[in-house]
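Enquirer: Coordinates in my_file-v6.cif, mmCIF, C-alpha atoms, are listed below.
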```cif
data_structure
loop_
_atom_site.group_PDB
_atom_site.id
_atom_site.type_symbol
_atom_site.label_atom_id
_atom_site.label_comp_id
_atom_site.auth_asym_id
_atom_site.auth_seq_id
_atom_site.Cartn_x
_atom_site.Cartn_y
_atom_site.Cartn_z
ATOM 1 C CA MET A 6 0.000 0.000 0.000
ATOM 2 C CA SER A 7 2.853 2.400 0.779
ATOM 3 C CA GLU A 8 4.158 2.123 -2.785
ATOM 4 C CA GLU A 9 0.737 3.040 -4.196
ATOM 5 C CA VAL A 10 0.536 5.956 -1.794
ATOM 6 C CA LYS A 11 4.033 7.094 -2.781
ATOM 7 C CA THR A 12 3.192 6.938 -6.490
ATOM 8 C CA LYS A 13 0.049 8.992 -6.021
ATOM 9 C CA LEU A 14 1.865 11.423 -3.732
ATOM 10 C CA ASN A 15 4.555 11.875 -6.386
ATOM 11 C CA SER A 16 1.918 13.065 -8.807
ATOM 12 C CA ILE A 17 0.422 15.405 -6.187
ATOM 13 C CA PHE A 18 3.818 16.919 -5.396
ATOM 14 C CA LYS A 19 4.570 17.539 -9.078
ATOM 15 C CA ASN A 20 1.259 19.379 -9.493
ATOM 16 C CA VAL A 21 1.238 21.344 -6.228
ATOM 17 C CA PHE A 22 4.836 22.531 -6.582
ATOM 18 C CA LYS A 23 4.648 22.817 -10.404
ATOM 19 C CA ASP A 24 7.799 20.807 -10.893
ATOM 20 C CA HIS A 25 7.453 17.770 -13.099
ATOM 21 C CA SER A 26 11.002 16.664 -12.406
ATOM 22 C CA LEU A 27 10.227 16.319 -8.687
ATOM 23 C CA GLU A 28 10.519 12.784 -7.305
ATOM 24 C CA VAL A 29 9.508 12.319 -3.674
ATOM 25 C CA THR A 30 11.709 10.429 -1.265
ATOM 26 C CA GLU A 31 10.885 9.368 2.266
ATOM 27 C CA GLU A 32 13.536 11.693 3.678
ATOM 28 C CA MET A 33 12.268 14.715 1.754
ATOM 29 C CA THR A 34 11.233 17.795 3.782
ATOM 30 C CA SER A 35 10.110 21.337 2.961
ATOM 31 C CA ASN A 36 13.788 22.370 3.012
ATOM 32 C CA ASP A 37 14.351 20.212 -0.097
ATOM 33 C CA VAL A 38 11.621 21.758 -2.261
ATOM 34 C CA GLU A 39 12.020 25.411 -3.239
ATOM 35 C CA ARG A 40 8.323 26.199 -3.613
ATOM 36 C CA TRP A 41 7.265 24.387 -0.421
ATOM 37 C CA ASP A 42 6.404 27.296 1.874
ATOM 38 C CA SER A 43 3.653 28.005 4.392
ATOM 39 C CA LEU A 44 1.058 28.835 1.722
ATOM 40 C CA SER A 45 1.811 25.979 -0.674
ATOM 41 C CA HIS A 46 1.699 23.715 2.408
ATOM 42 C CA PHE A 47 -2.031 24.531 2.707
ATOM 43 C CA THR A 48 -2.496 23.403 -0.903
ATOM 44 C CA LEU A 49 -0.448 20.243 -0.322
ATOM 45 C CA ILE A 50 -2.417 19.135 2.745
ATOM 46 C CA ALA A 51 -5.796 20.032 1.215
ATOM 47 C CA THR A 52 -4.924 18.129 -2.002
ATOM 48 C CA VAL A 53 -3.660 15.075 -0.108
ATOM 49 C CA GLU A 54 -6.816 14.991 2.026
ATOM 50 C CA ASN A 55 -9.022 15.394 -1.035
ATOM 51 C CA GLU A 56 -7.231 12.836 -3.223
ATOM 52 C CA PHE A 57 -6.954 10.158 -0.518
ATOM 53 C CA LYS A 58 -10.350 11.016 1.023
ATOM 54 C CA ILE A 59 -8.946 11.422 4.513
ATOM 55 C CA LYS A 60 -8.791 14.175 7.152
ATOM 56 C CA PHE A 61 -5.734 14.746 9.329
ATOM 57 C CA HIS A 62 -5.989 15.834 12.952
ATOM 58 C CA LEU A 63 -3.644 18.632 14.048
ATOM 59 C CA ASN A 64 -1.514 16.300 16.180
ATOM 60 C CA GLU A 65 -1.053 14.036 13.125
ATOM 61 C CA LEU A 66 0.061 16.991 10.970
ATOM 62 C CA ILE A 67 2.518 18.194 13.600
ATOM 63 C CA ALA A 68 3.999 14.698 13.966
ATOM 64 C CA MET A 69 4.904 14.476 10.248
ATOM 65 C CA LYS A 70 8.544 15.520 9.893
ATOM 66 C CA ASN A 71 9.126 14.312 6.331
ATOM 67 C CA VAL A 72 7.419 12.728 3.323
ATOM 68 C CA GLY A 73 7.997 9.258 4.804
ATOM 69 C CA ASP A 74 5.870 10.251 7.818
ATOM 70 C CA LEU A 75 3.240 11.617 5.419
ATOM 71 C CA ILE A 76 3.152 8.301 3.498
ATOM 72 C CA HIS A 77 2.833 6.404 6.767
ATOM 73 C CA GLY A 78 0.089 8.759 7.964
ATOM 74 C CA ILE A 79 -1.911 8.344 4.773
ATOM 75 C CA SER A 80 -1.506 4.536 4.787
ATOM 76 C CA SER A 81 -2.624 4.343 8.446
ATOM 77 C CA LYS A 82 -5.683 6.475 7.717
ATOM 78 C CA GLN A 83 -6.628 4.316 4.739
ATOM 79 C CA LEU A 84 -6.199 1.141 6.799
ATOM 80 C CA SER A 85 -8.406 2.429 9.604
ATOM 81 C CA VAL A 86 -11.088 3.471 7.076
ATOM 82 C CA SER A 87 -11.039 0.050 5.365
ATOM 83 C CA ASN A 88 -11.254 -1.754 8.729
ATOM 84 C CA SER A 89 -14.245 0.244 9.974
ATOM 85 C CA MET B 13 12.450 53.325 39.303
ATOM 86 C CA ILE B 14 10.733 51.545 36.385
ATOM 87 C CA ASN B 15 13.313 48.700 36.408
ATOM 88 C CA ASP B 16 12.284 47.724 39.921
ATOM 89 C CA LEU B 17 8.592 47.653 38.983
ATOM 90 C CA ILE B 18 8.859 45.393 35.891
ATOM 91 C CA ASN B 19 8.130 41.731 36.505
ATOM 92 C CA ILE B 20 8.853 39.411 33.583
ATOM 93 C CA ARG B 21 7.207 36.019 33.834
ATOM 94 C CA ASN B 22 6.024 33.070 31.730
ATOM 95 C CA ALA B 23 2.634 33.522 30.060
ATOM 96 C CA VAL B 24 -0.288 31.609 31.566
ATOM 97 C CA PRO B 25 -3.731 30.777 30.114
ATOM 98 C CA ALA B 26 -5.238 33.847 31.822
ATOM 99 C CA ASP B 27 -2.993 35.980 29.536
ATOM 100 C CA VAL B 28 -4.569 34.617 26.350
ATOM 101 C CA ASP B 29 -6.621 37.729 25.601
ATOM 102 C CA PHE B 30 -3.587 39.989 26.052
ATOM 103 C CA LEU B 31 -1.402 37.665 23.945
ATOM 104 C CA ALA B 32 -3.907 37.672 21.081
ATOM 105 C CA GLU B 33 -3.883 41.489 21.298
ATOM 106 C CA THR B 34 -0.053 41.391 21.319
ATOM 107 C CA ILE B 35 0.112 39.235 18.173
ATOM 108 C CA ILE B 36 -2.390 41.468 16.373
ATOM 109 C CA ASN B 37 -0.604 44.703 17.285
ATOM 110 C CA ALA B 38 2.824 43.268 16.496
ATOM 111 C CA GLU B 39 1.548 42.229 13.049
ATOM 112 C CA LYS B 40 0.130 45.691 12.417
ATOM 113 C CA SER B 41 3.580 47.271 13.082
ATOM 114 C CA ASN B 42 2.120 50.685 13.930
ATOM 115 C CA THR B 43 -0.222 50.641 10.910
ATOM 116 C CA GLU B 44 -3.923 49.856 10.663
ATOM 117 C CA LYS B 45 -3.286 46.833 8.437
ATOM 118 C CA LEU B 46 -3.680 43.391 10.000
ATOM 119 C CA SER B 47 -2.285 40.842 7.565
ATOM 120 C CA TYR B 48 -4.255 37.967 9.121
ATOM 121 C CA SER B 49 -7.419 39.905 8.218
ATOM 122 C CA THR B 50 -6.375 40.968 4.738
ATOM 123 C CA ILE B 51 -4.780 37.677 3.688
ATOM 124 C CA PHE B 52 -7.514 35.395 5.004
ATOM 125 C CA GLU B 53 -10.335 37.951 4.405
ATOM 126 C CA ILE B 54 -11.594 37.639 7.936
ATOM 127 C CA SER B 55 -12.528 40.330 10.498
ATOM 128 C CA GLU B 56 -10.061 41.383 13.183
ATOM 129 C CA LYS B 57 -12.594 40.304 15.808
ATOM 130 C CA LYS B 58 -12.742 36.792 14.303
ATOM 131 C CA VAL B 59 -8.925 36.690 13.978
ATOM 132 C CA LYS B 60 -8.656 37.436 17.691
ATOM 133 C CA GLU B 61 -11.086 34.621 18.583
ATOM 134 C CA ILE B 62 -9.159 32.143 16.455
ATOM 135 C CA LEU B 63 -5.778 33.287 17.808
ATOM 136 C CA LYS B 64 -6.992 32.718 21.379
ATOM 137 C CA THR B 65 -8.016 29.141 20.519
ATOM 138 C CA ILE B 66 -4.679 28.534 18.780
ATOM 139 C CA LEU B 67 -2.710 29.962 21.712
ATOM 140 C CA LEU B 68 -4.504 27.677 24.161
ATOM 141 C CA SER B 69 -3.722 24.644 21.959
ATOM 142 C CA ASP B 70 -0.079 25.502 22.769
ATOM 143 C CA ILE B 71 1.727 23.947 19.797
ATOM 144 C CA PRO B 72 5.470 24.601 20.286
ATOM 145 C CA GLY B 73 8.066 25.614 17.716
ATOM 146 C CA GLN B 74 6.269 28.672 16.334
ATOM 147 C CA GLU B 75 5.002 32.067 17.446
ATOM 148 C CA LEU B 76 1.302 31.258 18.045
ATOM 149 C CA CYS B 77 2.105 29.220 21.148
ATOM 150 C CA LEU B 78 1.134 30.430 24.625
ATOM 151 C CA SER B 79 4.095 28.899 26.422
ATOM 152 C CA SER B 80 6.544 30.546 23.986
ATOM 153 C CA PHE B 81 5.619 33.952 25.433
ATOM 154 C CA LEU B 82 7.089 35.976 28.264
ATOM 155 C CA VAL B 83 4.881 38.722 29.694
ATOM 156 C CA ALA B 84 6.127 41.931 31.336
ATOM 157 C CA GLU B 85 3.949 43.238 34.156
ATOM 158 C CA ILE B 86 4.035 46.617 35.875
ATOM 159 C CA ASP B 87 2.076 46.877 39.125
ATOM 160 C CA GLY B 88 0.188 43.735 38.156
ATOM 161 C CA GLU B 89 -0.830 45.138 34.742
ATOM 162 C CA GLN B 90 0.276 43.334 31.545
ATOM 163 C CA ALA B 91 2.593 45.824 29.824
ATOM 164 C CA GLY B 92 4.197 43.862 26.984
ATOM 165 C CA ALA B 93 5.000 40.428 25.655
ATOM 166 C CA CYS B 94 7.229 38.582 23.197
ATOM 167 C CA ALA B 95 7.422 35.009 21.892
ATOM 168 C CA ALA B 96 10.577 32.955 21.387
ATOM 169 C CA TRP B 97 11.533 29.490 20.168
ATOM 170 C CA ILE B 98 14.504 27.651 18.702
ATOM 171 C CA GLU B 99 13.979 27.320 14.965
ATOM 172 C CA GLY B 100 13.563 23.782 13.657
ATOM 173 C CA GLU B 101 14.155 22.152 17.054
ATOM 174 C CA SER B 102 11.458 19.518 16.488
ATOM 175 C CA GLY B 103 12.647 18.781 12.948
ATOM 176 C CA LEU B 104 9.994 20.956 11.294
ATOM 177 C CA SER B 105 10.422 24.610 10.326
ATOM 178 C CA SER B 106 8.277 27.079 12.276
ATOM 179 C CA SER B 107 6.591 28.186 9.045
ATOM 180 C CA ILE B 108 5.322 24.643 8.384
ATOM 181 C CA ILE B 109 4.223 24.099 12.006
ATOM 182 C CA LYS B 110 2.373 27.449 11.917
ATOM 183 C CA SER B 111 0.887 26.516 8.550
ATOM 184 C CA ASN B 112 -0.439 23.239 10.037
ATOM 185 C CA VAL B 113 -1.906 25.153 12.983
ATOM 186 C CA ILE B 114 -3.573 27.773 10.780
ATOM 187 C CA TYR B 115 -4.876 25.069 8.406
ATOM 188 C CA ASN B 116 -6.490 23.345 11.379
ATOM 189 C CA PHE B 117 -8.092 26.391 13.005
ATOM 190 C CA PHE B 118 -8.976 28.851 10.224
ATOM 191 C CA PRO B 119 -12.127 28.144 8.187
ATOM 192 C CA ALA B 120 -11.438 26.279 4.936
ATOM 193 C CA GLU B 121 -12.946 29.012 2.741
ATOM 194 C CA ASN B 122 -10.563 31.558 4.289
ATOM 195 C CA ILE B 123 -7.562 29.271 3.747
ATOM 196 C CA LYS B 124 -8.505 29.303 0.043
ATOM 197 C CA LYS B 125 -8.546 33.133 0.085
ATOM 198 C CA ALA B 126 -4.981 33.098 1.421
ATOM 199 C CA GLN B 127 -3.864 30.626 -1.232
ATOM 200 C CA GLU B 128 -5.180 32.967 -3.938
ATOM 201 C CA LYS B 129 -2.705 35.598 -2.718
ATOM 202 C CA SER B 130 0.350 33.336 -2.635
ATOM 203 C CA TYR B 131 1.781 34.950 -5.812
ATOM 204 C CA LEU B 132 2.131 38.212 -3.814
ATOM 205 C CA LEU B 133 3.132 36.798 -0.437
ATOM 206 C CA LYS B 134 5.982 34.621 -1.684
ATOM 207 C CA GLU B 135 7.751 37.865 -2.691
ATOM 208 C CA LEU B 136 8.189 38.735 1.006
ATOM 209 C CA SER B 137 9.266 35.353 2.292
ATOM 210 C CA LEU B 138 12.449 35.272 4.428
ATOM 211 C CA LYS B 139 13.921 32.024 5.731
ATOM 212 C CA ARG B 140 14.756 31.522 9.404
ATOM 213 C CA LYS B 141 17.984 29.694 10.191
ATOM 214 C CA ALA B 142 17.635 26.373 11.965
ATOM 215 C CA GLY B 143 19.215 26.261 15.411
ATOM 216 C CA THR B 144 18.831 30.009 16.046
ATOM 217 C CA LEU B 145 16.643 31.661 18.673
ATOM 218 C CA GLN B 146 13.670 33.356 17.034
ATOM 219 C CA LEU B 147 12.039 36.376 18.694
ATOM 220 C CA GLU B 148 8.572 37.266 17.390
ATOM 221 C CA SER B 149 5.304 39.019 18.132
ATOM 222 C CA ALA B 150 6.900 41.622 20.405
ATOM 223 C CA TRP B 151 4.602 44.421 21.543
ATOM 224 C CA VAL B 152 4.335 46.902 24.409
ATOM 225 C CA LYS B 153 1.197 48.837 25.352
ATOM 226 C CA GLU B 154 1.331 52.486 24.245
ATOM 227 C CA LYS B 155 1.434 53.916 27.754
ATOM 228 C CA PHE B 156 4.478 51.793 28.625
ATOM 229 C CA LYS B 157 6.482 52.456 25.452
ATOM 230 C CA GLY B 158 9.917 54.087 25.573
ATOM 231 C CA LYS B 159 10.961 52.367 28.814
ATOM 232 C CA GLY B 160 13.021 49.541 27.294
ATOM 233 C CA ILE B 161 10.440 46.896 28.182
ATOM 234 C CA CYS B 162 10.622 45.074 24.830
ATOM 235 C CA ASN B 163 14.402 44.724 25.096
ATOM 236 C CA LYS B 164 14.115 43.530 28.705
ATOM 237 C CA ILE B 165 11.709 40.774 27.643
ATOM 238 C CA MET B 166 13.981 39.788 24.742
ATOM 239 C CA LEU B 167 17.028 39.702 27.008
ATOM 240 C CA LYS B 168 15.124 37.478 29.437
ATOM 241 C CA HIS B 169 14.309 35.082 26.570
ATOM 242 C CA ILE B 170 17.952 35.110 25.453
ATOM 243 C CA SER B 171 19.119 34.448 29.007
ATOM 244 C CA ASN B 172 16.597 31.627 29.592
ATOM 245 C CA TYR B 173 17.231 29.863 26.298
ATOM 246 C CA SER B 174 21.015 30.175 26.345
ATOM 247 C CA GLU B 175 21.147 28.777 29.895
ATOM 248 C CA LYS B 176 19.278 25.631 28.757
ATOM 249 C CA ASN B 177 20.958 25.514 25.320
ATOM 250 C CA PRO B 178 24.625 26.576 25.678
ATOM 251 C CA GLU B 179 25.227 25.821 21.982
ATOM 252 C CA LEU B 180 22.839 28.633 20.969
ATOM 253 C CA LYS B 181 24.848 31.323 19.175
ATOM 254 C CA LYS B 182 22.452 33.676 17.370
ATOM 255 C CA ALA B 183 19.059 35.311 17.857
ATOM 256 C CA GLN B 184 16.980 36.487 14.887
ATOM 257 C CA ILE B 185 13.990 38.736 14.323
ATOM 258 C CA ILE B 186 11.963 39.071 11.108
ATOM 259 C CA MET B 187 10.138 42.400 10.907
ATOM 260 C CA VAL B 188 8.889 45.136 8.607
ATOM 261 C CA LYS B 189 11.652 47.554 7.657
ATOM 262 C CA ALA B 190 9.435 50.604 8.207
ATOM 263 C CA ASN B 191 9.113 50.003 11.974
ATOM 264 C CA ASP B 192 11.861 52.522 12.831
ATOM 265 C CA MET B 193 11.151 52.684 16.546
ATOM 266 C CA ALA B 194 11.415 48.915 16.973
ATOM 267 C CA LEU B 195 14.525 48.699 14.804
ATOM 268 C CA LYS B 196 16.256 51.433 16.833
ATOM 269 C CA ALA B 197 15.445 49.543 20.048
ATOM 270 C CA HIS B 198 16.696 46.206 18.672
ATOM 271 C CA LYS B 199 19.991 47.772 17.596
ATOM 272 C CA LYS B 200 20.712 48.405 21.288
ATOM 273 C CA LEU B 201 20.839 44.604 21.657
ATOM 274 C CA GLY B 202 23.359 44.380 18.840
ATOM 275 C CA PHE B 203 20.897 43.334 16.140
ATOM 276 C CA LYS B 204 22.260 43.919 12.625
ATOM 277 C CA LEU B 205 20.705 43.561 9.206
ATOM 278 C CA VAL B 206 21.307 40.135 7.643
ATOM 279 C CA SER B 207 18.860 40.134 4.751
ATOM 280 C CA GLU B 208 16.178 42.281 3.219
ATOM 281 C CA ILE B 209 13.445 41.514 0.716
ATOM 282 C CA LYS B 210 11.253 44.008 -1.096
ATOM 283 C CA SER B 211 8.214 43.283 -3.197
ATOM 284 C CA ASN B 212 8.088 45.033 -6.555
ATOM 285 C CA ASP B 213 4.351 44.546 -6.736
ATOM 286 C CA LYS B 214 2.577 47.544 -5.185
ATOM 287 C CA ARG B 215 -0.502 45.392 -4.589
ATOM 288 C CA ILE B 216 1.358 43.936 -1.608
ATOM 289 C CA LEU B 217 0.468 47.113 0.299
ATOM 290 C CA ASP B 218 -3.220 46.200 -0.035
ATOM 291 C CA ILE B 219 -2.648 43.185 2.214
ATOM 292 C CA PHE B 220 0.567 43.827 4.123
ATOM 293 C CA PRO B 221 1.707 46.729 6.324
ATOM 294 C CA SER B 222 4.917 47.137 4.323
ATOM 295 C CA ASP B 223 6.533 46.175 1.001
ATOM 296 C CA THR B 224 9.864 45.355 2.672
ATOM 297 C CA MET B 225 10.749 42.744 5.268
ATOM 298 C CA ILE B 226 14.091 42.416 7.014
ATOM 299 C CA LEU B 227 15.855 39.721 8.979
ATOM 300 C CA ILE B 228 18.105 41.045 11.748
ATOM 301 C CA GLU B 229 20.431 38.992 13.896
ATOM 302 C CA THR B 230 22.503 39.369 17.026
ATOM 303 C CA ASP B 231 25.179 37.375 18.783
ATOM 304 C CA ILE B 232 23.861 35.765 21.991
ATOM 305 C CA GLU B 233 27.123 36.268 23.949
ATOM 306 C CA GLN B 234 27.163 39.957 23.013
ATOM 307 C CA CYS B 235 23.596 40.319 24.279
ATOM 308 C CA LYS B 236 24.382 38.589 27.543
ATOM 309 C CA ASN B 237 27.313 40.976 28.057
ATOM 310 C CA ILE B 238 24.958 43.925 27.559
ATOM 311 C CA PHE B 239 22.600 42.398 30.140
ATOM 312 C CA LYS B 240 25.395 42.040 32.692
ATOM 313 C CA PHE B 241 26.447 45.632 32.013
ATOM 314 C CA THR B 242 22.957 46.993 32.769
ATOM 315 C CA GLU B 243 22.320 44.882 35.895
#
```
Before anything else, please render the file you have as C-alpha cells.
Expert:
Amino acid sequence: MSEEVKTKLNSIFKNVFKDHSLEVTEEMTSNDVERWDSLSHFTLIATVENEFKIKFHLNELIAMKNVGDLIHGISSKQLSVSNS
Amino acid sequence: MINDLINIRNAVPADVDFLAETIINAEKSNTEKLSYSTIFEISEKKVKEILKTILLSDIPGQELCLSSFLVAEIDGEQAGACAAWIEGESGLSSSIIKSNVIYNFFPAENIKKAQEKSYLLKELSLKRKAGTLQLESAWVKEKFKGKGICNKIMLKHISNYSEKNPELKKAQIIMVKANDMALKAHKKLGFKLVSEIKSNDKRILDIFPSDTMILIETDIEQCKNIFKFTE
C-alpha cells in the first residue's frame, strides 16, 4: 500500500509545486523543495486529504517531519477506514 | 524606578486575551493593516477569537504558542510580551508548524482566500535559520512604550534559552523595515541587518503593512554581556 501511496503522492507533489522533475523520497522535507512554503503547504495538505479522502488531525500533521511520515500517515488512515 | 517595577514572567492561560492582542498589534507594526485579516479575508474580531483558541492549543516551535511567550507586568498590569523558540528544534520549520496550525483552526474558505494571494506573499518570504533563537510578536502597550520593556523581555528570553541551550549562538527577528522605533530599540541589543526583501508589486500594500521585510540577527554572547552591564 505504501508504494501506491508514494506513487500517487509523487503526482500530487509535481502538481502542487509545479515541478514535473520532482521525485519524492521518504527523507524529503520542505527544506528540499524550493516552492514548499507556508502557503503551498495549505495546498499540499488540502490536495492530499481530497485525493486520498482522509482528514488529518492537528496532532497528526505536527507529527509528520518528512514525506515518509506523510506516506505512513496516509496509509494508516486508509487502513483504519477500510477496517471500519 | 521603572526597572524595579517590571516583573517578567512566563505567560499563563489567563494571559490569552492579552497575547492575542499582542500578536495582532505586532503584526500591524504601527499601521492599521492586519495581515491575518487581509490575507484570510476575515474580520479582526474573528482573527482574535481564532488566535486565542490557537494559543490555548499551545503547539510549540512557532510564534502562536502560549508557552513561547514571556509577559512583562508593571504593578500587576500586563505591559508587553514577546514570543521565542529555537527554529527547527522539532525537525519541522516554524513556518510549516504554523501553517499546520492555521490550516487546522482557520475556516477552509478563508484558507482558500490566502492561497489565492500566494503569488504576492511569496515575494516577502524570508527564511529563518535552523538552530537560532527566534524572537517574534513583540509588543508593548502604548502607555508603557519608551521604557526599554521590549528589550528587557527579549534579554530574558535570550538568558533563559542560552542557559538551557549553551550551543545557541544567534538570535533572529523578522520584521517590517518601516518600523523605525522597533529597529532602533533592537539595535541596542546588537541586532544587525542580515537580509532584506522588497516586493516590486505595489498590490502587496493592499494586504501587508509594508513592502519590505528584514531579517536582523545578534550574537547571543554579546547580548548577555549587555545584560550584565545593565544589571
Enquirer: Just say which residues the PyMOL selection byres ((chain B) within 8 of (chain A)) picks in this file, as a list in words.
Expert: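 Checked against the file, the PyMOL selection byres ((chain B) within 8 of (chain A)) matches Gly103, Leu104, Ser107, Ile108, Ile109, Lys110, Ser111, Asn112, Val113, Tyr115, Asn116, Ile123, Ala126, Gln127 and Ser130 of chain B.
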Enquirer: Give as a PyMOL selection string the residues that the PyMOL selection byres ((chain A and resi 30) around 12) matches when applied to the coordinates above.
Expert: chain A and resi 8+11-12+14-15+18+27-29+31-35+37-38+71-76
Enquirer: Fewer than 4 positions away in the same chain doesn't count, so skip those; otherwise give me all residues within 12 Å of Lys40 (chain B), counting only C-alpha atoms, as JSON, numbers by chain.
Expert: {"B": [33, 34, 35, 36, 44, 45, 46, 47, 48, 49, 50, 56, 149, 150, 151, 187, 188, 190, 191, 219, 220, 221, 222]}
Enquirer: Just the selected residues (C-alpha atoms), exported as a short mmCIF file (atom, residue, chain, number, x, y, z; two decimals), in the frame of the given file, please.
Expert:
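The new file part_19.cif reads:
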```
data_model
loop_
_atom_site.label_atom_id
_atom_site.label_comp_id
_atom_site.auth_asym_id
_atom_site.auth_seq_id
_atom_site.Cartn_x
_atom_site.Cartn_y
_atom_site.Cartn_z
CA GLU B 33 -3.88 41.49 21.30
CA THR B 34 -0.05 41.39 21.32
CA ILE B 35 0.11 39.24 18.17
CA ILE B 36 -2.39 41.47 16.37
CA GLU B 44 -3.92 49.86 10.66
CA LYS B 45 -3.29 46.83 8.44
CA LEU B 46 -3.68 43.39 10.00
CA SER B 47 -2.28 40.84 7.56
CA TYR B 48 -4.26 37.97 9.12
CA SER B 49 -7.42 39.90 8.22
CA THR B 50 -6.38 40.97 4.74
CA GLU B 56 -10.06 41.38 13.18
CA SER B 149 5.30 39.02 18.13
CA ALA B 150 6.90 41.62 20.40
CA TRP B 151 4.60 44.42 21.54
CA MET B 187 10.14 42.40 10.91
CA VAL B 188 8.89 45.14 8.61
CA ALA B 190 9.44 50.60 8.21
CA ASN B 191 9.11 50.00 11.97
CA ILE B 219 -2.65 43.18 2.21
CA PHE B 220 0.57 43.83 4.12
CA PRO B 221 1.71 46.73 6.32
CA SER B 222 4.92 47.14 4.32
#
```
Enquirer: Provide the CA of Ile228 (chain B) to CA of Asp27 (chain B) distance in Å, to one decimal place.
Expert: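 CA of Asp27 (chain B) lies 28.1 Å from CA of Ile228 (chain B).
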Enquirer: Which polymer residues have any atom within 9 Å of an atom of Ile79 (chain A), counting only C-alpha atoms, with same-chain residues fewer than 2 positions away left out, as a PyMOL selection string?
Expert: chain A and resi 7+10+53-54+57+59+61+74-77+81-84
Enquirer: Taking 6 positions as the minimum chain separation for residues in the same chain, which residues sit within 12 Å of Met225 (chain B) when counting all atoms listed in the file? Answer as a count of residues only.
Expert: 24
Enquirer: Would you work out the distance separating CA of Asp70 (chain B) from CA of Asn42 (chain B), expressed in Å to one decimal?
Expert: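 Computing the Euclidean distance for CA of Asp70 (chain B) and CA of Asn42 (chain B) yields 26.8 Å.
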